[in-house]
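Participant: Contents are mmCIF, C-alpha atoms and all ligand atoms; file name final.cif:
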data_coords
loop_
_atom_site.label_atom_id
_atom_site.label_comp_id
_atom_site.auth_asym_id
_atom_site.auth_seq_id
_atom_site.Cartn_x
_atom_site.Cartn_y
_atom_site.Cartn_z
CA MET A 1 0.00 0.00 0.00
CA SER A 2 1.38 3.40 -0.95
CA VAL A 3 1.21 6.48 1.22
CA ASN A 4 -1.40 7.92 -1.12
CA ASP A 5 -3.74 4.98 -0.55
CA SER A 6 -3.42 5.16 3.18
CA ILE A 7 -4.31 8.84 3.47
CA LYS A 8 -7.37 8.90 1.21
CA THR A 9 -10.50 9.60 3.20
CA GLU A 10 -14.18 9.48 2.46
CA THR A 11 -16.11 12.73 2.28
CA PRO A 12 -19.39 12.79 4.10
CA ASP A 13 -21.97 14.14 1.68
CA MET A 14 -23.30 17.24 3.36
CA ASP A 15 -24.90 18.81 0.31
CA ALA A 16 -28.45 18.28 1.40
CA ALA A 17 -28.10 18.31 5.17
CA PRO A 18 -29.56 21.33 6.95
CA ALA A 19 -27.21 23.14 9.32
CA SER A 20 -29.10 21.88 12.37
CA ASP A 21 -28.66 18.25 11.24
CA ILE A 22 -24.95 18.74 10.62
CA LEU A 23 -24.52 20.05 14.16
CA SER A 24 -26.66 17.45 15.91
CA ASN A 25 -25.13 14.60 13.88
CA ALA A 26 -21.76 15.83 15.13
CA GLY A 27 -23.05 15.85 18.71
CA LEU A 28 -23.07 19.64 19.01
CA ARG A 29 -25.93 21.56 20.56
CA PRO A 30 -27.33 23.74 17.76
CA THR A 31 -27.08 27.13 19.46
CA ARG A 32 -28.18 30.19 17.50
CA GLN A 33 -24.59 31.23 16.84
CA ARG A 34 -23.45 27.76 15.79
CA LEU A 35 -26.44 27.48 13.48
CA ALA A 36 -25.66 30.81 11.84
CA LEU A 37 -22.03 29.77 11.35
CA ALA A 38 -22.95 26.31 10.03
CA LYS A 39 -25.31 27.90 7.50
CA LEU A 40 -22.53 30.13 6.25
CA LEU A 41 -19.95 27.34 6.23
CA PHE A 42 -21.87 24.44 4.78
CA GLY A 43 -24.24 26.26 2.45
CA GLU A 44 -21.94 25.54 -0.46
CA ARG A 45 -19.26 22.96 -1.08
CA GLY A 46 -15.56 23.48 -0.65
CA ARG A 47 -15.13 26.70 1.31
CA HIS A 48 -11.95 28.11 2.82
CA VAL A 49 -12.47 30.54 5.63
CA SER A 50 -10.40 32.23 8.30
CA VAL A 51 -11.75 33.42 11.63
CA ASP A 52 -11.78 36.98 10.30
CA SER A 53 -13.42 36.23 6.97
CA LEU A 54 -16.13 34.12 8.59
CA TYR A 55 -16.74 36.80 11.21
CA ASP A 56 -17.15 39.38 8.42
CA GLU A 57 -19.71 37.13 6.75
CA LEU A 58 -21.53 36.64 10.02
CA VAL A 59 -21.78 40.38 10.60
CA ARG A 60 -22.96 40.96 7.03
CA SER A 61 -25.62 38.25 7.43
CA GLY A 62 -26.99 40.16 10.40
CA ALA A 63 -26.60 37.18 12.76
CA PRO A 64 -25.34 37.79 16.29
CA GLY A 65 -21.88 36.65 17.35
CA SER A 66 -18.46 37.85 18.39
CA LEU A 67 -15.02 37.23 16.95
CA SER A 68 -14.20 34.93 19.87
CA CYS A 69 -17.42 32.98 19.29
CA VAL A 70 -16.38 32.43 15.66
CA TYR A 71 -12.89 31.40 16.77
CA ASN A 72 -14.19 28.96 19.37
CA SER A 73 -16.76 27.47 17.00
CA LEU A 74 -14.24 26.96 14.18
CA ARG A 75 -11.84 25.35 16.61
CA ARG A 76 -14.60 23.06 17.92
CA PHE A 77 -15.77 22.21 14.37
CA SER A 78 -12.18 21.37 13.51
CA GLU A 79 -11.72 19.16 16.59
CA ILE A 80 -14.72 17.05 15.71
CA GLY A 81 -13.92 16.90 12.00
CA LEU A 82 -16.60 19.15 10.51
CA VAL A 83 -13.89 21.33 8.98
CA ARG A 84 -10.23 20.72 8.36
CA ARG A 85 -7.57 23.16 9.45
CA VAL A 86 -5.25 23.97 6.56
CA PRO A 87 -1.66 24.58 7.56
CA VAL A 88 -0.47 27.82 6.00
CA TYR A 89 2.74 28.73 7.73
CA GLY A 90 3.18 32.17 9.18
CA SER A 91 -0.22 33.37 8.11
CA THR A 92 -3.85 33.24 9.04
CA ALA A 93 -5.35 29.90 10.10
CA TYR A 94 -7.63 28.60 7.40
CA PHE A 95 -10.44 26.12 7.80
CA ASP A 96 -11.68 24.02 4.91
CA THR A 97 -15.19 22.58 4.64
CA ARG A 98 -14.03 20.14 1.96
CA LEU A 99 -12.93 17.15 4.00
CA ASN A 100 -11.64 14.75 1.36
CA HIS A 101 -7.91 14.67 0.88
CA HIS A 102 -6.67 17.42 -1.40
CA HIS A 103 -3.93 20.02 -1.63
CA HIS A 104 -3.87 23.77 -2.08
CA PHE A 105 -2.48 26.62 -4.07
CA TYR A 106 -1.94 29.57 -1.78
CA ALA A 107 -2.12 32.92 -3.55
CA VAL A 108 0.35 34.82 -1.38
CA ASP A 109 -0.63 38.31 -2.47
CA GLU A 110 -4.35 37.66 -2.12
CA ASP A 111 -4.18 35.51 1.03
CA ARG A 112 -6.44 33.00 -0.69
CA LEU A 113 -6.54 29.19 -1.00
CA ILE A 114 -7.46 27.35 -4.18
CA ASP A 115 -8.10 23.59 -4.18
CA VAL A 116 -5.76 21.17 -5.93
CA SER A 117 -6.99 17.63 -6.52
CA ALA A 118 -5.05 14.98 -4.61
CA ASP A 119 -4.48 13.16 -7.92
CA ALA A 120 -2.73 16.19 -9.39
CA VAL A 121 0.21 15.85 -7.00
CA ALA A 122 2.67 12.96 -7.30
CA LEU A 123 5.28 12.55 -4.60
CA ALA A 124 8.49 10.93 -5.79
CA ALA A 125 9.92 10.26 -2.34
CA VAL A 126 8.58 10.56 1.17
CA PRO A 127 10.87 10.24 4.18
CA SER A 128 10.03 7.71 6.87
CA PRO A 129 8.48 9.36 9.91
CA PRO A 130 10.76 9.85 12.91
CA GLN A 131 11.10 6.88 15.28
CA GLY A 132 7.87 6.40 17.19
CA TYR A 133 5.72 8.45 14.79
CA GLU A 134 3.31 7.42 12.07
CA LEU A 135 2.44 9.39 8.96
CA VAL A 136 -1.04 10.89 9.24
CA SER A 137 -1.31 13.05 6.16
CA ILE A 138 0.70 14.89 3.54
CA ASP A 139 -0.60 18.36 2.76
CA VAL A 140 1.03 20.11 -0.16
CA LEU A 141 0.84 23.89 -0.27
CA LEU A 142 1.94 25.48 -3.53
CA ARG A 143 2.56 29.19 -3.10
CA VAL A 144 1.59 31.19 -6.18
CA ARG A 145 1.17 34.78 -7.23
CA ARG A 146 -0.29 36.38 -10.31
CA ALA A 147 2.32 36.35 -13.04
CA ASP A 148 2.08 40.13 -13.61
CA ALA A 149 2.50 40.97 -9.90
CA GLY A 150 6.31 40.89 -10.04
CA ALA A 151 6.43 43.22 -13.04
CA ALA A 152 4.13 45.70 -11.35
CA ALA A 153 6.16 45.68 -8.14
CA GLY A 154 9.52 45.95 -9.90
ZN ZN G 201 -9.48 23.06 0.15
#
How would this structure read if it were set down as structure tokens?
Facilitator:
Amino acid sequence: MSVNDSIKTETPDMDAAPASDILSNAGLRPTRQRLALAKLLFGERGRHVSVDSLYDELVRSGAPGSLSCVYNSLRRFSEIGLVRRVPVYGSTAYFDTRLNHHHHFYAVDEDRLIDVSADAVALAAVPSPPQGYELVSIDVLLRVRRADAGAAAG
């Protein structure tokens, strides 16, 4: 079995599930704030949000909630596997509603993530994990910028 086989995961199909079902299926009490956040998060497939961007959406939607409420909810959702935290080093924490294994382009100048299919990345060599560790996942982050950005800056 290759590393790729072992890290493929199934995506729960949440297209049709109302926000309240998503929360109660995950064992979370559907509070008003959680419901509002779940509606924003799971209304469409494959979203990348940060605490700040989701808070902005929440405010625009007119729903109540504070920045710390959004932070705590995203952290909780991530702990129980409703969203996946995307490691982007030295930048904002991003949370992904698309749970199947995939990679990302990171547009550095726009602070934006774009999905890359897992099949589109082939790893030629992967080091063995350190003694006493097992490999959980390989997340590839390809940093990109618009090709004309360098010309404009220079
Ligand atoms: Zn993604």
Participant: Work out how far apart atom CA of Val108 of chain A and atom CA of Val59 of chain A are and give it in Å to one decimal.
Facilitator: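 Straight-line distance from atom CA of Val108 of chain A to atom CA of Val59 of chain A works out to 25.8 Å.
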Participant: Given a cut-off of 8 Å, what residues near ligand ZN 201 (chain G) show up using only C-alpha atoms and all ligand atoms, put as a list in words?
Facilitator: Gly46, Arg47, His48, Val86, Asp96, Thr97, Arg98, Leu99, His102, His103, His104, Leu113, Ile114, Asp115 and Val116 of chain A
Participant: Tell me, as a list of chain:residue names, which residues lie within 12 Å of Arg29 of chain A, counting all atoms listed in the file; anything in the same chain fewer than 2 positions away does not count.
Facilitator: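 Everything that qualifies: A:Ala19, A:Ser20, A:Asp21, A:Ile22, A:Leu23, A:Ser24, A:Asn25, A:Ala26, A:Gly27, A:Thr31, A:Arg32, A:Gln33, A:Arg34, A:Leu35, A:Ala38, A:Ser73, A:Arg76, A:Phe77.
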Participant: Find, counting all atoms listed in the file, the residue in A:Ala122, A:Leu67, A:Ser53, A:Asp109 that gets nearest to Ala93 of chain A.
Facilitator: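 Closest to Ala93 of chain A of all the choices is A:Ser53.
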Participant: Which of these, A:Ala17, A:Leu58, A:Ala107, A:Ala63, has the shortest distance to Gly43 of chain A once you count only C-alpha atoms?
Facilitator: A:Ala17
Participant: What does the distance from atom CA of Val121 of chain A to atom CA of Val88 of chain A come to in Å, to one decimal?
Facilitator: 17.7 Å
Participant: At a cut-off of 12 Å, using only C-alpha atoms, what residues contact Ser68 of chain A? Leave out same-chain residues fewer than 4 positions from it and give the result as a compact mmCIF listing (two decimals) with C-alpha atoms, keeping the file's coordinate frame.
Facilitator:
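Produced file selection-v8.txt, reproduced below:
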# COMPACT_ATOMS: atom_id res chain seq x y z
CA GLN A 33 -24.59 31.23 16.84
CA VAL A 51 -11.75 33.42 11.63
CA ASP A 52 -11.78 36.98 10.30
CA LEU A 54 -16.13 34.12 8.59
CA TYR A 55 -16.74 36.80 11.21
CA ASN A 72 -14.19 28.96 19.37
CA SER A 73 -16.76 27.47 17.00
CA LEU A 74 -14.24 26.96 14.18
CA ARG A 75 -11.84 25.35 16.61
Participant: Nearest to Ser117 of chain A: which of A:Gly132, A:Arg146, A:Phe95, A:Val140 is it, counting all atoms listed in the file?
Facilitator: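 For Ser117 of chain A, the nearest of the given residues is A:Val140.
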Participant: With all atoms listed in the file as the atoms that count, which of A:Ala124, A:Leu82, A:Leu37, A:Val49 lies nearest to Gly65 of chain A?
Facilitator: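 Nearest to Gly65 of chain A: A:Leu37.
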Participant: What does the distance from atom CA of Tyr71 of chain A to atom CA of Ser50 of chain A come to in Å, to one decimal?
Facilitator: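 Computed distance, atom CA of Tyr71 of chain A to atom CA of Ser50 of chain A, equals 8.9 Å.
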Participant: Using all atoms listed in the file, what residues lie at most 10 Å away from (-1.2, 17.1, 5.8) (file coordinates), given as a list in words?
Facilitator: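 Here is the list of nearby residues: Ile7, Arg85, Val86, Pro87, His101, His102, His103, Leu135, Val136, Ser137, Ile138, Asp139, Val140 and Leu141 of chain A.
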Participant: Go through A:Val126, A:Ile80, A:Leu40, A:Cys69 one by one, measure the shortest atom-to-atom distance of each to Glu57 of chain A using all atoms listed in the file, and give the residue with the smallest value.
Facilitator: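 Checking each of A:Val126, A:Ile80, A:Leu40, A:Cys69 against Glu57 of chain A, counting all atoms listed in the file, the winner is A:Leu40.
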Participant: Could you rebuild segment 29-40 of chain A with all heavy atoms and give it back as a short mmCIF file (atom, residue, chain, number, x, y, z; two decimals), in the coordinates of the input?
Facilitator:
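Below you can see rebuild-v4.cif, which holds the result:
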data_model
loop_
_atom_site.label_atom_id
_atom_site.label_comp_id
_atom_site.auth_asym_id
_atom_site.auth_seq_id
_atom_site.Cartn_x
_atom_site.Cartn_y
_atom_site.Cartn_z
N ARG A 29 -24.64 20.90 20.32
CA ARG A 29 -25.93 21.56 20.56
C ARG A 29 -26.07 22.69 19.55
O ARG A 29 -25.17 23.52 19.42
CB ARG A 29 -25.95 22.12 21.99
CG ARG A 29 -27.32 22.33 22.58
CD ARG A 29 -27.23 22.43 24.10
NE ARG A 29 -26.20 23.37 24.53
CZ ARG A 29 -26.40 24.69 24.66
NH1 ARG A 29 -27.59 25.21 24.41
NH2 ARG A 29 -25.42 25.48 25.05
N PRO A 30 -27.18 22.70 18.78
CA PRO A 30 -27.33 23.74 17.76
C PRO A 30 -27.74 25.09 18.35
O PRO A 30 -28.89 25.49 18.27
CB PRO A 30 -28.41 23.19 16.82
CG PRO A 30 -29.18 22.23 17.64
CD PRO A 30 -28.30 21.74 18.76
N THR A 31 -26.79 25.79 18.95
CA THR A 31 -27.08 27.13 19.46
C THR A 31 -27.31 28.07 18.28
O THR A 31 -26.97 27.74 17.14
CB THR A 31 -25.90 27.67 20.28
OG1 THR A 31 -24.76 27.77 19.43
CG2 THR A 31 -25.56 26.75 21.45
N ARG A 32 -27.87 29.24 18.56
CA ARG A 32 -28.18 30.19 17.50
C ARG A 32 -26.91 30.58 16.74
O ARG A 32 -26.90 30.67 15.51
CB ARG A 32 -28.82 31.44 18.12
CG ARG A 32 -29.95 32.03 17.29
CD ARG A 32 -30.97 32.74 18.18
NE ARG A 32 -30.38 33.82 18.93
CZ ARG A 32 -30.51 35.12 18.61
NH1 ARG A 32 -31.20 35.46 17.56
NH2 ARG A 32 -29.98 36.05 19.34
N GLN A 33 -25.83 30.80 17.49
CA GLN A 33 -24.59 31.23 16.84
C GLN A 33 -23.98 30.10 16.00
O GLN A 33 -23.54 30.33 14.88
CB GLN A 33 -23.59 31.70 17.90
CG GLN A 33 -24.05 32.99 18.55
CD GLN A 33 -23.12 33.47 19.64
OE1 GLN A 33 -22.39 32.68 20.22
NE2 GLN A 33 -23.16 34.75 19.92
N ARG A 34 -23.98 28.89 16.56
CA ARG A 34 -23.45 27.76 15.79
C ARG A 34 -24.26 27.53 14.52
O ARG A 34 -23.70 27.23 13.47
CB ARG A 34 -23.47 26.50 16.64
CG ARG A 34 -22.28 26.40 17.59
CD ARG A 34 -22.36 25.12 18.38
NE ARG A 34 -21.29 25.04 19.37
CZ ARG A 34 -21.35 24.31 20.46
NH1 ARG A 34 -22.44 23.60 20.71
NH2 ARG A 34 -20.36 24.28 21.31
N LEU A 35 -25.59 27.67 14.65
CA LEU A 35 -26.44 27.48 13.48
C LEU A 35 -26.12 28.50 12.40
O LEU A 35 -26.01 28.16 11.22
CB LEU A 35 -27.92 27.61 13.88
CG LEU A 35 -28.63 26.33 14.28
CD1 LEU A 35 -30.05 26.65 14.72
CD2 LEU A 35 -28.66 25.35 13.10
N ALA A 36 -25.97 29.75 12.82
CA ALA A 36 -25.66 30.81 11.84
C ALA A 36 -24.34 30.52 11.15
O ALA A 36 -24.22 30.66 9.93
CB ALA A 36 -25.62 32.16 12.55
N LEU A 37 -23.35 30.07 11.93
CA LEU A 37 -22.03 29.77 11.35
C LEU A 37 -22.11 28.55 10.43
O LEU A 37 -21.52 28.54 9.35
CB LEU A 37 -21.01 29.52 12.46
CG LEU A 37 -20.62 30.76 13.26
CD1 LEU A 37 -19.71 30.39 14.40
CD2 LEU A 37 -19.96 31.80 12.36
N ALA A 38 -22.84 27.52 10.86
CA ALA A 38 -22.95 26.31 10.03
C ALA A 38 -23.63 26.63 8.71
O ALA A 38 -23.27 26.09 7.67
CB ALA A 38 -23.70 25.23 10.80
N LYS A 39 -24.62 27.52 8.74
CA LYS A 39 -25.31 27.90 7.50
C LYS A 39 -24.34 28.58 6.55
O LYS A 39 -24.35 28.32 5.35
CB LYS A 39 -26.49 28.83 7.81
CG LYS A 39 -27.76 28.06 8.15
CD LYS A 39 -28.92 29.01 8.38
CE LYS A 39 -30.09 28.22 8.98
NZ LYS A 39 -30.88 29.02 9.91
N LEU A 40 -23.51 29.44 7.09
CA LEU A 40 -22.53 30.13 6.25
C LEU A 40 -21.48 29.15 5.72
O LEU A 40 -21.10 29.19 4.55
CB LEU A 40 -21.83 31.24 7.04
CG LEU A 40 -22.67 32.44 7.44
CD1 LEU A 40 -21.89 33.36 8.37
CD2 LEU A 40 -23.12 33.21 6.21
#
